[in-house]
>>> print(open('upload_38.cif').read())   # mmCIF, C-alpha atoms and all ligand atoms
data_work
#
loop_
_atom_site.label_atom_id
_atom_site.label_comp_id
_atom_site.auth_asym_id
_atom_site.auth_seq_id
_atom_site.Cartn_x
_atom_site.Cartn_y
_atom_site.Cartn_z
CA MET W 1 -30.02 76.70 28.29
CA ILE W 2 -26.91 76.19 26.18
CA PRO W 3 -28.35 74.55 23.06
CA PHE W 4 -26.24 72.02 21.18
CA LEU W 5 -26.47 74.30 18.15
CA ASP W 6 -28.14 77.69 17.62
CA LEU W 7 -28.05 78.52 13.91
CA LYS W 8 -29.66 81.91 14.42
CA ARG W 9 -26.80 82.99 16.70
CA ILE W 10 -24.21 81.44 14.39
CA ASN W 11 -25.46 83.51 11.43
CA GLU W 12 -26.03 86.71 13.41
CA PRO W 13 -22.48 88.10 12.93
CA HIS W 14 -22.97 87.72 9.15
CA GLN W 15 -26.44 89.22 9.01
CA VAL W 16 -25.58 92.47 7.20
CA ALA W 17 -23.34 90.76 4.62
CA ILE W 18 -26.00 88.08 4.04
CA GLN W 19 -28.72 90.67 3.52
CA GLN W 20 -26.53 92.55 1.03
CA ALA W 21 -25.82 89.30 -0.83
CA ILE W 22 -29.52 88.45 -1.03
CA GLU W 23 -30.42 91.94 -2.22
CA ARG W 24 -27.72 91.73 -4.93
CA VAL W 25 -29.17 88.47 -6.23
CA ILE W 26 -32.76 89.75 -6.21
CA GLN W 27 -31.71 92.82 -8.17
CA SER W 28 -29.66 90.83 -10.68
CA GLY W 29 -32.71 89.03 -12.08
CA TRP W 30 -30.54 85.91 -12.60
CA TYR W 31 -31.15 83.08 -10.14
CA ILE W 32 -29.60 79.84 -11.44
CA LEU W 33 -25.98 79.19 -12.63
CA GLY W 34 -24.74 82.75 -13.01
CA GLY W 35 -22.05 85.07 -11.74
CA GLU W 36 -22.56 84.29 -8.04
CA VAL W 37 -22.07 80.54 -8.53
CA ASP W 38 -19.02 81.19 -10.74
CA ALA W 39 -17.49 83.51 -8.18
CA PHE W 40 -18.09 81.16 -5.25
CA GLU W 41 -16.73 78.16 -7.18
CA HIS W 42 -13.50 80.07 -7.83
CA GLN W 43 -13.15 81.41 -4.29
CA PHE W 44 -13.86 78.05 -2.68
CA ALA W 45 -11.53 76.11 -5.00
CA GLN W 46 -8.80 78.63 -4.26
CA TYR W 47 -9.48 78.32 -0.53
CA CYS W 48 -9.06 74.52 -0.87
CA GLN W 49 -5.88 74.96 -2.97
CA SER W 50 -7.68 73.01 -5.67
CA GLY W 51 -7.86 73.65 -9.42
CA TYR W 52 -11.62 73.48 -10.00
CA GLY W 53 -14.78 74.01 -7.98
CA ILE W 54 -18.21 72.82 -9.11
CA GLY W 55 -21.27 73.97 -7.16
CA VAL W 56 -24.05 71.41 -6.72
CA ALA W 57 -27.32 71.15 -4.81
CA ASN W 58 -26.07 69.35 -1.66
CA GLY W 59 -23.37 67.11 -0.22
CA LEU W 60 -25.04 63.82 -1.07
CA ASP W 61 -25.23 64.85 -4.74
CA ALA W 62 -21.60 66.00 -4.67
CA LEU W 63 -20.51 62.50 -3.61
CA THR W 64 -22.92 60.70 -5.95
CA LEU W 65 -22.03 62.76 -9.03
CA VAL W 66 -18.29 62.17 -8.62
CA LEU W 67 -18.83 58.42 -8.29
CA LYS W 68 -21.07 58.46 -11.39
CA ALA W 69 -18.62 60.62 -13.35
CA TRP W 70 -15.87 58.04 -12.83
CA ASN W 71 -17.93 55.52 -14.83
CA PHE W 72 -16.95 52.41 -12.89
CA PRO W 73 -18.60 49.13 -13.97
CA ALA W 74 -21.96 48.66 -12.22
CA GLY W 75 -21.59 46.94 -8.85
CA SER W 76 -17.92 47.90 -8.37
CA ASP W 77 -16.74 48.15 -4.75
CA VAL W 78 -16.09 51.43 -2.95
CA ILE W 79 -14.37 51.23 0.44
CA VAL W 80 -15.77 53.43 3.22
CA ALA W 81 -15.60 53.50 7.04
CA SER W 82 -18.15 51.36 8.90
CA ASN W 83 -19.01 54.35 11.17
CA ALA W 84 -19.50 56.79 8.29
CA TYR W 85 -22.54 59.04 8.02
CA ILE W 86 -25.48 57.53 6.13
CA ALA W 87 -25.06 60.00 3.22
CA SER W 88 -21.57 58.64 2.48
CA VAL W 89 -23.00 55.15 2.00
CA LEU W 90 -26.13 56.37 0.19
CA SER W 91 -23.98 58.05 -2.47
CA ILE W 92 -22.25 54.75 -3.24
CA THR W 93 -25.49 52.84 -3.77
CA HIS W 94 -27.12 55.78 -5.63
CA ALA W 95 -24.22 55.53 -8.10
CA GLY W 96 -24.97 51.82 -8.61
CA LEU W 97 -21.90 50.74 -6.66
CA ASN W 98 -21.30 48.49 -3.67
CA PRO W 99 -20.20 49.85 -0.27
CA VAL W 100 -17.46 47.79 1.42
CA LEU W 101 -17.25 48.83 5.06
CA VAL W 102 -13.91 48.99 6.85
CA GLU W 103 -13.62 49.56 10.60
CA PRO W 104 -12.32 52.88 11.99
CA ASP W 105 -9.40 53.45 14.32
CA PRO W 106 -11.16 53.71 17.72
CA GLN W 107 -8.86 56.60 18.74
CA THR W 108 -9.44 58.88 15.74
CA TYR W 109 -12.88 57.55 14.63
CA LEU W 110 -11.48 57.60 11.05
CA ILE W 111 -11.08 54.70 8.62
CA ASP W 112 -8.14 52.54 9.76
CA PRO W 113 -5.63 52.43 6.87
CA ASN W 114 -4.22 49.16 8.24
CA ARG W 115 -7.51 47.44 7.51
CA ILE W 116 -8.03 48.72 3.97
CA GLU W 117 -5.84 46.33 1.98
CA ALA W 118 -7.62 43.25 3.33
CA ALA W 119 -10.89 44.64 1.91
CA ILE W 120 -9.54 45.20 -1.63
CA THR W 121 -10.57 42.79 -4.41
CA GLU W 122 -10.49 43.03 -8.21
CA ARG W 123 -13.90 44.72 -8.01
CA THR W 124 -12.57 47.59 -5.85
CA LYS W 125 -12.43 50.92 -7.69
CA ALA W 126 -12.29 53.64 -5.06
CA ILE W 127 -11.72 54.57 -1.43
CA MET W 128 -13.99 57.17 0.14
CA ALA W 129 -12.09 59.01 2.88
CA VAL W 130 -14.67 60.54 5.24
CA HIS W 131 -12.98 63.29 7.29
CA LEU W 132 -15.40 62.65 10.13
CA TYR W 133 -15.90 65.31 12.85
CA GLY W 134 -13.44 67.70 11.15
CA ARG W 135 -10.17 65.75 11.20
CA CYS W 136 -8.53 64.55 7.99
CA CYS W 137 -8.12 60.82 7.39
CA GLU W 138 -4.58 59.45 7.15
CA MET W 139 -4.31 60.46 3.53
CA GLY W 140 -0.62 59.53 3.16
CA SER W 141 -1.35 55.85 3.77
CA ILE W 142 -4.67 55.95 1.91
CA ASN W 143 -3.13 57.50 -1.22
CA ARG W 144 -0.22 55.02 -1.16
CA ILE W 145 -2.67 52.09 -1.06
CA ALA W 146 -4.81 53.69 -3.79
CA GLN W 147 -1.77 54.10 -6.01
CA ARG W 148 -0.66 50.50 -5.46
CA TYR W 149 -4.08 49.13 -6.49
CA ASN W 150 -4.99 51.84 -9.03
CA LEU W 151 -7.98 53.13 -7.07
CA LYS W 152 -9.59 56.57 -7.04
CA VAL W 153 -9.73 58.49 -3.76
CA LEU W 154 -12.82 60.56 -2.97
CA GLU W 155 -12.73 62.79 0.09
CA ASP W 156 -16.04 63.22 1.89
CA ALA W 157 -15.08 66.63 3.24
CA ALA W 158 -18.58 67.65 4.38
CA GLN W 159 -17.35 68.06 7.98
CA ALA W 160 -13.87 69.37 7.20
CA HIS W 161 -14.00 72.86 5.63
CA GLY W 162 -10.51 74.24 6.14
CA ALA W 163 -8.98 71.14 7.76
CA LEU W 164 -5.24 70.71 7.22
CA TYR W 165 -3.20 67.60 6.49
CA SER W 166 0.59 67.63 6.07
CA SER W 167 1.23 70.49 3.62
CA GLY W 168 -2.25 70.25 2.07
CA ARG W 169 -5.81 71.06 2.83
CA ALA W 170 -9.01 69.03 2.76
CA GLY W 171 -10.35 69.25 -0.77
CA ASN W 172 -6.95 68.75 -2.34
CA LEU W 173 -5.87 65.45 -0.76
CA GLY W 174 -7.35 62.92 -3.20
CA ASP W 175 -8.71 62.73 -6.78
CA ALA W 176 -11.83 64.72 -5.86
CA ALA W 177 -13.57 66.05 -2.77
CA ALA W 178 -17.27 66.41 -2.01
CA TRP W 179 -18.56 69.25 0.17
CA SER W 180 -21.83 70.02 1.90
CA PHE W 181 -22.86 73.51 3.00
CA TYR W 182 -25.84 72.28 4.99
CA PRO W 183 -26.60 75.06 7.52
CA SER W 184 -24.92 73.30 10.48
CA LYS W 185 -21.56 72.66 8.73
CA ASN W 186 -18.48 74.79 9.45
CA LEU W 187 -19.32 76.73 6.29
CA GLY W 188 -23.10 76.66 6.13
CA ALA W 189 -25.63 78.11 3.69
CA LEU W 190 -29.18 79.16 4.59
CA GLY W 191 -30.55 76.10 2.86
CA ASP W 192 -29.13 73.14 0.95
CA ALA W 193 -25.89 73.59 -0.99
CA GLY W 194 -22.85 71.54 -1.98
CA ALA W 195 -19.70 71.52 -4.11
CA ILE W 196 -16.97 69.37 -5.56
CA THR W 197 -13.29 70.33 -5.75
CA THR W 198 -10.76 68.55 -7.97
CA ASN W 199 -7.56 69.15 -9.93
CA ASP W 200 -8.81 66.92 -12.78
CA GLU W 201 -10.02 69.17 -15.60
CA THR W 202 -11.78 66.37 -17.51
CA LEU W 203 -13.67 65.33 -14.39
CA ALA W 204 -14.60 68.96 -13.65
CA THR W 205 -16.01 69.43 -17.16
CA ARG W 206 -18.04 66.23 -16.92
CA LEU W 207 -19.38 67.22 -13.48
CA ARG W 208 -20.48 70.64 -14.76
CA ALA W 209 -22.58 68.81 -17.35
CA LEU W 210 -23.81 66.09 -14.98
CA ARG W 211 -25.22 68.62 -12.49
CA ASN W 212 -27.20 70.31 -15.29
CA TYR W 213 -29.12 67.57 -17.19
CA GLY W 214 -25.87 66.26 -18.71
CA SER W 215 -25.63 69.37 -20.82
CA SER W 216 -22.72 71.75 -21.36
CA GLN W 217 -24.47 73.56 -24.21
CA LYS W 218 -28.12 74.53 -23.92
CA TYR W 219 -30.45 71.81 -25.30
CA VAL W 220 -27.52 69.49 -26.10
CA ASN W 221 -27.33 66.49 -23.73
CA ASP W 222 -24.19 64.35 -23.68
CA TYR W 223 -25.05 62.45 -20.48
CA ARG W 224 -28.21 61.41 -18.64
CA GLY W 225 -27.57 64.12 -16.09
CA HIS W 226 -29.23 65.39 -12.96
CA ASN W 227 -30.68 68.66 -11.82
CA SER W 228 -28.24 69.35 -9.01
CA ARG W 229 -27.43 73.02 -9.41
CA LEU W 230 -26.24 75.35 -6.68
CA ASP W 231 -28.49 78.40 -6.78
CA GLU W 232 -27.28 81.99 -6.98
CA LEU W 233 -28.78 82.94 -3.62
CA GLN W 234 -26.93 80.25 -1.65
CA ALA W 235 -23.71 80.91 -3.60
CA ALA W 236 -23.87 84.63 -2.73
CA ILE W 237 -24.47 83.83 0.95
CA LEU W 238 -21.56 81.37 0.99
CA SER W 239 -19.27 83.97 -0.63
CA ALA W 240 -20.22 86.39 2.15
CA LYS W 241 -19.35 83.84 4.86
CA LEU W 242 -16.23 82.21 3.38
CA PRO W 243 -13.82 85.06 4.34
CA PHE W 244 -14.63 84.37 8.02
CA LEU W 245 -14.22 80.58 7.92
CA ASP W 246 -10.60 80.51 9.17
CA GLN W 247 -11.38 82.88 12.02
CA GLU W 248 -14.38 80.78 13.03
CA ASN W 249 -12.37 77.56 12.78
CA ASN W 250 -9.73 79.14 15.03
CA ARG W 251 -12.39 79.90 17.64
CA ARG W 252 -13.51 76.26 17.39
CA ARG W 253 -9.88 75.21 18.02
CA GLU W 254 -9.66 77.47 21.06
CA ILE W 255 -12.74 75.84 22.55
CA ALA W 256 -11.48 72.34 21.67
CA ARG W 257 -8.15 73.11 23.37
CA TYR W 258 -10.02 74.26 26.48
CA TYR W 259 -12.13 71.08 26.56
CA LEU W 260 -9.08 68.89 25.99
CA THR W 261 -7.06 70.44 28.81
CA ARG W 262 -9.85 71.01 31.36
CA LEU W 263 -12.11 67.97 31.05
CA LYS W 264 -10.84 65.70 33.85
CA ASN W 265 -13.66 63.22 34.37
CA PRO W 266 -11.85 59.83 34.36
CA ALA W 267 -14.79 58.05 32.69
CA VAL W 268 -14.89 60.46 29.75
CA ALA W 269 -12.74 59.49 26.76
CA LEU W 270 -11.60 62.59 24.85
CA PRO W 271 -10.92 62.92 21.11
CA PRO W 272 -7.25 62.93 20.00
CA ALA W 273 -5.34 66.09 20.99
CA ASP W 274 -2.38 65.63 18.61
CA GLN W 275 -3.72 67.86 15.80
CA ILE W 276 -5.72 70.58 17.54
CA ASP W 277 -4.76 73.21 14.97
CA ARG W 278 -5.26 71.00 11.89
CA ASP W 279 -8.61 69.60 12.90
CA VAL W 280 -11.54 72.01 12.33
CA TRP W 281 -13.68 70.56 15.14
CA HIS W 282 -16.96 70.28 13.27
CA LEU W 283 -17.95 68.16 16.27
CA PHE W 284 -16.34 67.58 19.66
CA VAL W 285 -17.08 63.92 20.26
CA ILE W 286 -16.46 62.29 23.63
CA ARG W 287 -17.19 58.74 24.77
CA HIS W 288 -18.74 57.54 27.99
CA PRO W 289 -19.89 54.00 28.88
CA ARG W 290 -23.11 55.53 30.30
CA ARG W 291 -23.57 58.02 27.49
CA ASP W 292 -27.34 58.34 27.78
CA ALA W 293 -27.17 59.00 31.54
CA LEU W 294 -24.54 61.70 30.94
CA ARG W 295 -26.73 63.34 28.28
CA THR W 296 -29.75 63.40 30.63
CA TYR W 297 -27.58 64.82 33.44
CA LEU W 298 -26.34 67.60 31.10
CA HIS W 299 -29.84 68.29 29.82
CA ASN W 300 -31.08 68.71 33.41
CA ARG W 301 -28.36 71.30 33.95
CA GLY W 302 -29.21 73.28 30.81
CA ILE W 303 -26.65 71.80 28.42
CA GLY W 304 -27.69 70.39 25.06
CA SER W 305 -25.80 67.56 23.35
CA ASP W 306 -26.30 65.24 20.39
CA ILE W 307 -25.16 61.84 19.09
CA HIS W 308 -23.27 61.46 15.83
CA TYR W 309 -24.56 58.92 15.11
CA PRO W 310 -26.94 56.74 17.11
CA THR W 311 -27.27 54.03 14.42
CA PRO W 312 -24.57 52.94 11.95
CA PRO W 313 -25.45 52.53 8.25
CA TYR W 314 -25.23 48.72 8.42
CA ARG W 315 -27.98 48.65 11.07
CA GLN W 316 -30.41 50.81 9.09
CA ARG W 317 -33.45 49.21 7.45
CA ALA W 318 -32.31 50.84 4.19
CA TYR W 319 -29.43 48.32 3.99
CA PRO W 320 -30.67 44.81 4.87
CA GLU W 321 -27.79 43.34 2.83
CA LEU W 322 -25.30 44.82 5.33
CA ALA W 323 -27.20 43.63 8.41
CA GLN W 324 -25.41 40.27 8.72
CA LEU W 325 -21.95 41.86 8.78
CA PHE W 326 -20.06 42.32 12.04
CA PHE W 327 -18.37 45.61 13.00
CA PRO W 328 -17.49 45.48 16.71
CA ILE W 329 -15.48 48.74 16.73
CA ALA W 330 -18.22 50.76 15.05
CA ASP W 331 -20.83 49.10 17.31
CA THR W 332 -18.92 50.16 20.45
CA LEU W 333 -18.43 53.71 19.14
CA HIS W 334 -22.08 54.12 18.23
CA GLY W 335 -23.05 53.02 21.74
CA GLU W 336 -20.72 55.44 23.54
CA VAL W 337 -20.21 58.61 21.48
CA MET W 338 -21.86 61.95 22.18
CA SER W 339 -21.15 65.46 20.92
CA LEU W 340 -20.70 68.48 23.19
CA PRO W 341 -21.65 72.01 22.11
CA LEU W 342 -18.76 73.44 20.05
CA ASN W 343 -19.31 76.33 17.68
CA PRO W 344 -17.77 79.75 17.09
CA ILE W 345 -20.36 81.72 19.07
CA LEU W 346 -20.06 79.80 22.37
CA THR W 347 -18.75 82.11 25.09
CA ASP W 348 -15.85 81.33 27.45
CA ASP W 349 -18.31 81.28 30.35
CA GLU W 350 -20.52 78.73 28.61
CA VAL W 351 -17.56 76.46 27.86
CA ALA W 352 -16.27 76.76 31.43
CA TYR W 353 -19.72 75.87 32.78
CA ILE W 354 -19.96 72.79 30.51
CA VAL W 355 -16.53 71.57 31.68
CA ASP W 356 -17.42 72.14 35.33
CA VAL W 357 -20.68 70.21 35.03
CA ILE W 358 -19.12 67.25 33.19
CA ASN W 359 -16.25 67.01 35.68
CA LYS W 360 -18.81 66.57 38.50
CA PHE W 361 -20.67 63.69 36.81
CA ILE W 362 -20.25 60.37 38.59
C1 LIG W 401 -23.62 66.50 5.90
C2 LIG W 401 -22.85 65.35 5.36
C3 LIG W 401 -23.11 64.80 4.09
C4 LIG W 401 -24.30 65.16 3.27
O1 LIG W 401 -24.49 66.48 2.99
P1 LIG W 401 -25.96 67.02 2.58
O2 LIG W 401 -25.67 68.39 2.09
O3 LIG W 401 -26.78 66.99 3.81
O4 LIG W 401 -26.48 66.13 1.51
C5 LIG W 401 -22.28 63.80 3.63
N1 LIG W 401 -21.27 63.33 4.36
C6 LIG W 401 -21.00 63.80 5.60
C7 LIG W 401 -19.84 63.24 6.34
C8 LIG W 401 -21.79 64.81 6.14
O5 LIG W 401 -21.52 65.27 7.37
#
>>> encode(input="upload_38.cif", output="structure tokens")
Amino acid sequence: MIPFLDLKRINEPHQVAIQQAIERVIQSGWYILGGEVDAFEHQFAQYCQSGYGIGVANGLDALTLVLKAWNFPAGSDVIVASNAYIASVLSITHAGLNPVLVEPDPQTYLIDPNRIEAAITERTKAIMAVHLYGRCCEMGSINRIAQRYNLKVLEDAAQAHGALYSSGRAGNLGDAAAWSFYPSKNLGALGDAGAITTNDETLATRLRALRNYGSSQKYVNDYRGHNSRLDELQAAILSAKLPFLDQENNRRREIARYYLTRLKNPAVALPPADQIDRDVWHLFVIRHPRRDALRTYLHNRGIGSDIHYPTPPYRQRAYPELAQLFFPIADTLHGEVMSLPLNPILTDDEVAYIVDVINKFI
């Protein structure tokens, strides 16, 4: 069986470094907000070519805390793609703001910049650019629109560790970027973890307080903050894995290139091949009109797959107020997309077998 994802195998190459990191933290006797978090924040910000890194508990909190730190009036609009992950939308409502969904470009699966301006009103305060599946949104157009209407731009970079755009890198393409290190992400912890990167020093200082009860000095509380701290153990593990991220992303690109050149089934729609080396291929998402039949066929031949995502946010019971809206592009995508195995530890033989099996599906 080729599982869709095998986290044990993915972490195996890092086992010795991870064990050393864990041992170091145990011996230090300091487990929350210490030297390991500091060190990882610096290394990760540097990796993202960004001025400041702030470790937090998870990706959802990273998004939510930035939106709260910007202090928009309650109920302000934040624009986000209609096919975004549920956490992107949850962060907007958790911050007391209103998600305004904009359809994606059906070729890239990313928010369509040509549809953003029509969604802007005087209530609009920010655009959330979700770099879905590992490819950066069209940040040139998005930043131009944001500048014209005086909006903040928040990157949801939870699927885009190391992704490139023009001369920049995800994490340094807007006013702030939110990261998740959930175990399955391109850079994954062994538990929950997240971070924010930004070049805005004032925002960084406020976020450091907001993640820790609103306090920058012990027992002094300037804001009604959260407990959303990155712990020392996860920070040490992430520091051990970060030096290998580029190498692992390059292996992902190699596999993506193989899929893109060898998959020849005429009914399978492939993801865009124009930025193979900029994309970090968090997911390799294909479309098929009989997606569920293809998944069963693969399963019967020992190949795991997944769907990202089966149900869009506006069709979830959590958001009845979005249920009357109409998003035909997102609806079509959600009915047809499926994700093939793509991760740094897949072997050439496994990838060749997957291609061979898919090409024979009729
Ligand atoms: C994983 C993910 C998140 C949420 O991260 P958590 O750490 O699970 O809270 C947010 N947005 C996107 C696009 C994600 O893939």
>>> residues_near_point(input="upload_38.cif", point="(-17.7, 50.9, 9.9)", cutoff="8 Å", atoms="only C-alpha atoms", output="number ranges by chain")
W: 80-84, 101-104, 111, 312, 314, 327, 329-330
>>> write_last_selection(input="upload_38.cif", atoms="C-alpha atoms", output="PDB file, keeping the file's coordinate frame")
ATOM      1  CA  VAL W  80     -15.770  53.430   3.220  1.00  0.00           C
ATOM      2  CA  ALA W  81     -15.600  53.500   7.040  1.00  0.00           C
ATOM      3  CA  SER W  82     -18.150  51.360   8.900  1.00  0.00           C
ATOM      4  CA  ASN W  83     -19.010  54.350  11.170  1.00  0.00           C
ATOM      5  CA  ALA W  84     -19.500  56.790   8.290  1.00  0.00           C
ATOM      6  CA  LEU W 101     -17.250  48.830   5.060  1.00  0.00           C
ATOM      7  CA  VAL W 102     -13.910  48.990   6.850  1.00  0.00           C
ATOM      8  CA  GLU W 103     -13.620  49.560  10.600  1.00  0.00           C
ATOM      9  CA  PRO W 104     -12.320  52.880  11.990  1.00  0.00           C
ATOM     10  CA  ILE W 111     -11.080  54.700   8.620  1.00  0.00           C
ATOM     11  CA  PRO W 312     -24.570  52.940  11.950  1.00  0.00           C
ATOM     12  CA  TYR W 314     -25.230  48.720   8.420  1.00  0.00           C
ATOM     13  CA  PHE W 327     -18.370  45.610  13.000  1.00  0.00           C
ATOM     14  CA  ILE W 329     -15.480  48.740  16.730  1.00  0.00           C
ATOM     15  CA  ALA W 330     -18.220  50.760  15.050  1.00  0.00           C
TER      16      ALA W 330
END
>>> atom_distance(input="upload_38.cif", atom1="CA of Leu340 (chain W)", atom2="CA of Arg251 (chain W)")
15.2 Å
>>> atom_distance(input="upload_38.cif", atom1="atom N1 of ligand LIG 401 (chain W)", atom2="CA of Ile358 (chain W)")
29.2 Å
>>> residues_near_ligand(input="upload_38.cif", ligand="ligand LIG 401 (chain W)", cutoff="7 Å", atoms="only C-alpha atoms and all ligand atoms", output="number ranges by chain")
W: 58-61, 84-85, 87-88, 130-132, 156-159, 180-182, 192-194
>>> write_last_selection(input="upload_38.cif", atoms="C-alpha atoms", output="short mmCIF file (atom, residue, chain, number, x, y, z; two decimals), in the frame of the given file")
data_model
loop_
_atom_site.label_atom_id
_atom_site.label_comp_id
_atom_site.auth_asym_id
_atom_site.auth_seq_id
_atom_site.Cartn_x
_atom_site.Cartn_y
_atom_site.Cartn_z
CA ASN W 58 -26.07 69.35 -1.66
CA GLY W 59 -23.37 67.11 -0.22
CA LEU W 60 -25.04 63.82 -1.07
CA ASP W 61 -25.23 64.85 -4.74
CA ALA W 84 -19.50 56.79 8.29
CA TYR W 85 -22.54 59.04 8.02
CA ALA W 87 -25.06 60.00 3.22
CA SER W 88 -21.57 58.64 2.48
CA VAL W 130 -14.67 60.54 5.24
CA HIS W 131 -12.98 63.29 7.29
CA LEU W 132 -15.40 62.65 10.13
CA ASP W 156 -16.04 63.22 1.89
CA ALA W 157 -15.08 66.63 3.24
CA ALA W 158 -18.58 67.65 4.38
CA GLN W 159 -17.35 68.06 7.98
CA SER W 180 -21.83 70.02 1.90
CA PHE W 181 -22.86 73.51 3.00
CA TYR W 182 -25.84 72.28 4.99
CA ASP W 192 -29.13 73.14 0.95
CA ALA W 193 -25.89 73.59 -0.99
CA GLY W 194 -22.85 71.54 -1.98
#
>>> residues_near_point(input="upload_38.cif", point="(-23.0, 73.5, 7.1)", cutoff="12 Å", atoms="only C-alpha atoms", output="MDAnalysis selection string")
chainID W and resid 5 7 10:11 58:59 134 157:161 179:195 234 238 241:242 245 282:283 343
>>> atom_distance(input="upload_38.cif", atom1="CA of Gly225 (chain W)", atom2="CA of Glu36 (chain W)")
22.3 Å
>>> closest_residue(input="upload_38.cif", among="W:Ile145, W:Val37, W:Ala69, W:Leu263", to="Ala209 (chain W)", atoms="only C-alpha atoms")
W:Ala69
>>> closest_atom_pairs(input="upload_38.cif", of="region 257-276 of chain W", to="region 289-301 of chain W", cutoff="10 Å", atoms="all atoms listed in the file", output="tab-separated table")
residue	atom	partner	partner_atom	distance
W:Ala267	CA	W:Pro289	CA	7.5
W:Val268	CA	W:Pro289	CA	8.2
W:Ala269	CA	W:Pro289	CA	9.3
>>> closest_residue(input="upload_38.cif", among="W:Arg169, W:Lys360, W:Lys152, W:Arg252", to="Ser50 (chain W)", atoms="only C-alpha atoms")
W:Arg169
>>> residues_around(input="upload_38.cif", residues="Tyr309 (chain W)", least_positions_apart="5", cutoff="10 Å", atoms="all atoms listed in the file", output="ChimeraX atom specification")
/W:83-86,333-339
>>> closest_residue(input="upload_38.cif", among="W:Tyr223, W:Tyr149, W:Phe361, W:Phe284", to="Asn71 (chain W)", atoms="all atoms listed in the file")
W:Tyr223
>>> residues_around(input="upload_38.cif", residues="Val66 (chain W)", least_positions_apart="2", cutoff="8 Å", atoms="all atoms listed in the file", output="list in words")
Ala62, Leu63, Thr64, Lys68, Ala69, Trp70, Ala176, Ala178, Ile196 and Leu207 of chain W
>>> closest_residue(input="upload_38.cif", among="W:Pro310, W:Arg262, W:Pro344, W:Ala163", to="Val357 (chain W)", atoms="all atoms listed in the file")
W:Arg262
>>> residues_around(input="upload_38.cif", residues="region 346-355 of chain W", least_positions_apart="5", cutoff="8 Å", atoms="all atoms listed in the file", output="list of chain:residue names")
W:Ile2, W:Ile255, W:Tyr258, W:Tyr259, W:Arg262, W:Leu263, W:Ile303, W:Pro341
>>> closest_residue(input="upload_38.cif", among="W:Leu325, W:Thr311, W:Gly302, W:Leu110", to="Phe4 (chain W)", atoms="all atoms listed in the file")
W:Gly302
>>> closest_residue(input="upload_38.cif", among="W:Leu230, W:Ile286, W:Gly174, W:Met128", to="Asn143 (chain W)", atoms="all atoms listed in the file")
W:Gly174
>>> residues_around(input="upload_38.cif", residues="Glu138 (chain W)", least_positions_apart="3", cutoff="8 Å", atoms="all atoms listed in the file", output="PyMOL selection string")
chain W and resi 113+141-142
